[in-house]
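Asker: Hey, dropping protein26.pdb in here, PDB, C-alpha atoms:
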ATOM      1  CA  MET X   1      -1.681  31.128  -5.484
ATOM      2  CA  VAL X   2       1.599  32.927  -4.974
ATOM      3  CA  PRO X   3       3.416  33.124  -8.343
ATOM      4  CA  GLY X   4       6.607  31.070  -8.538
ATOM      5  CA  VAL X   5       8.654  34.134  -9.455
ATOM      6  CA  VAL X   6       7.634  35.758  -6.148
ATOM      7  CA  VAL X   7       8.717  32.661  -4.200
ATOM      8  CA  LEU X   8      12.071  32.639  -6.032
ATOM      9  CA  ASP X   9      12.520  36.366  -5.366
ATOM     10  CA  HIS X  10      12.196  35.723  -1.627
ATOM     11  CA  VAL X  11      14.770  32.912  -1.828
ATOM     12  CA  LEU X  12      17.231  35.161  -3.686
ATOM     13  CA  ALA X  13      16.708  37.940  -1.151
ATOM     14  CA  GLN X  14      17.906  35.606   1.624
ATOM     15  CA  LEU X  15      21.267  34.953  -0.017
ATOM     16  CA  ALA X  16      24.277  37.131   0.665
ATOM     17  CA  TRP X  17      26.038  37.008  -2.709
ATOM     18  CA  PRO X  18      29.818  37.382  -2.850
ATOM     19  CA  MET X  19      30.745  40.482  -4.839
ATOM     20  CA  GLY X  20      31.084  39.696  -8.529
ATOM     21  CA  ALA X  21      29.677  36.182  -8.199
ATOM     22  CA  PRO X  22      27.492  35.757 -11.285
ATOM     23  CA  ARG X  23      24.969  32.947 -10.979
ATOM     24  CA  ARG X  24      22.251  31.196 -12.920
ATOM     25  CA  LEU X  25      19.240  29.151 -11.980
ATOM     26  CA  ALA X  26      20.543  25.649 -12.731
ATOM     27  CA  TRP X  27      17.194  23.998 -12.065
ATOM     28  CA  VAL X  28      13.981  24.486 -10.111
ATOM     29  CA  LYS X  29      11.044  22.207  -9.387
ATOM     30  CA  PHE X  30       7.708  23.435  -8.054
ATOM     31  CA  THR X  31       5.907  20.540  -6.358
ATOM     32  CA  ARG X  32       3.073  22.260  -4.468
ATOM     33  CA  ALA X  33       1.318  25.617  -4.511
ATOM     34  CA  LEU X  34       1.737  28.328  -1.879
ATOM     35  CA  LEU X  35      -1.349  30.367  -1.056
ATOM     36  CA  PRO X  36      -1.051  34.035   0.010
ATOM     37  CA  GLU X  37      -2.174  33.385   3.611
ATOM     38  CA  GLN X  38       0.272  30.497   4.123
ATOM     39  CA  ALA X  39       3.731  30.789   5.668
ATOM     40  CA  ALA X  40       6.716  28.931   4.242
ATOM     41  CA  THR X  41      10.369  28.552   5.187
ATOM     42  CA  ALA X  42      13.312  28.688   2.794
ATOM     43  CA  THR X  43      16.420  26.641   3.577
ATOM     44  CA  ILE X  44      19.608  27.328   1.643
ATOM     45  CA  SER X  45      22.858  25.372   1.664
ATOM     46  CA  GLN X  46      26.081  25.846  -0.243
ATOM     47  CA  ASP X  47      28.371  23.241  -1.733
ATOM     48  CA  ALA X  48      31.077  23.182  -4.402
ATOM     49  CA  ALA X  49      28.479  23.104  -7.212
ATOM     50  CA  GLY X  50      26.391  26.069  -6.021
ATOM     51  CA  TRP X  51      23.541  26.984  -3.702
ATOM     52  CA  ARG X  52      20.725  24.490  -3.159
ATOM     53  CA  PHE X  53      17.430  25.694  -1.777
ATOM     54  CA  THR X  54      14.186  24.233  -0.512
ATOM     55  CA  VAL X  55      10.978  26.066   0.297
ATOM     56  CA  ALA X  56       8.653  24.168   2.623
ATOM     57  CA  ARG X  57       5.392  24.640   4.457
ATOM     58  CA  GLY X  58       5.738  22.400   7.481
ATOM     59  CA  GLU X  59       6.685  18.966   6.160
ATOM     60  CA  ASP X  60       5.449  19.736   2.625
ATOM     61  CA  VAL X  61       8.193  20.675   0.152
ATOM     62  CA  LEU X  62       6.899  23.350  -2.212
ATOM     63  CA  VAL X  63       9.982  24.247  -4.248
ATOM     64  CA  GLN X  64      13.479  22.824  -4.692
ATOM     65  CA  GLY X  65      16.232  24.202  -6.834
ATOM     66  CA  MET X  66      19.841  25.125  -7.360
ATOM     67  CA  LEU X  67      21.693  28.300  -8.254
ATOM     68  CA  ALA X  68      25.111  27.891  -9.832
ATOM     69  CA  PRO X  69      27.947  30.096 -11.086
ATOM     70  CA  LEU X  70      27.591  31.286 -14.685
ATOM     71  CA  ASP X  71      30.813  29.467 -15.555
ATOM     72  CA  PRO X  72      29.997  25.730 -15.166
ATOM     73  CA  ASP X  73      33.702  24.934 -14.598
ATOM     74  CA  ARG X  74      33.960  27.328 -11.656
ATOM     75  CA  ARG X  75      33.701  25.789  -8.192
ATOM     76  CA  VAL X  76      31.894  27.662  -5.424
ATOM     77  CA  GLU X  77      33.999  28.479  -2.399
ATOM     78  CA  ALA X  78      32.077  27.291   0.652
TER      79      ALA X  78
END
Kindly present the structure from the file in structure tokens form.

Answerer:
Amino acid sequence: MVPGVVVLDHVLAQLAWPMGAPRRLAWVKFTRALLPEQAATATISQDAAGWRFTVARGEDVLVQGMLAPLDPDRRVEA
């Protein structure tokens, strides 16, 4: 199995962070395992609350989560 921290590292590497935009992992849910020989696709979208991401292998969702600004009152500029 690919460790969850490795999957999250690949998701974070895909994001182009605005300079000085501190963020936190608001929540994450691992629903299925990813094996080393399997390919997966990360999809990331941005809204006023933060950055939502999904990692899927075909139709199977493996990971879902959200990254948010450190300041919970701060809105993300889309």

Asker: Expand the PyMOL selection byres ((chain X and resi 43-59) around 8) into the individual residues it matches in the shown file, reporting them as a VMD selection string.

Answerer: chain X and resid 11 15 38 to 42 60 to 69 75 to 78

Asker: Starting from the displayed file, determine the output of the PyMOL selection byres ((chain X and resi 4) around 12) and express the residue list as a PyMOL selection string.

Answerer: chain X and resi 1-3+5-11+28-36+55+62-65

Asker: Might you spell out which residues the PyMOL selection byres ((chain X and resi 70) around 6) would select in the displayed file, as an MDAnalysis selection string?

Answerer: chainID X and resid 22:24 69 71
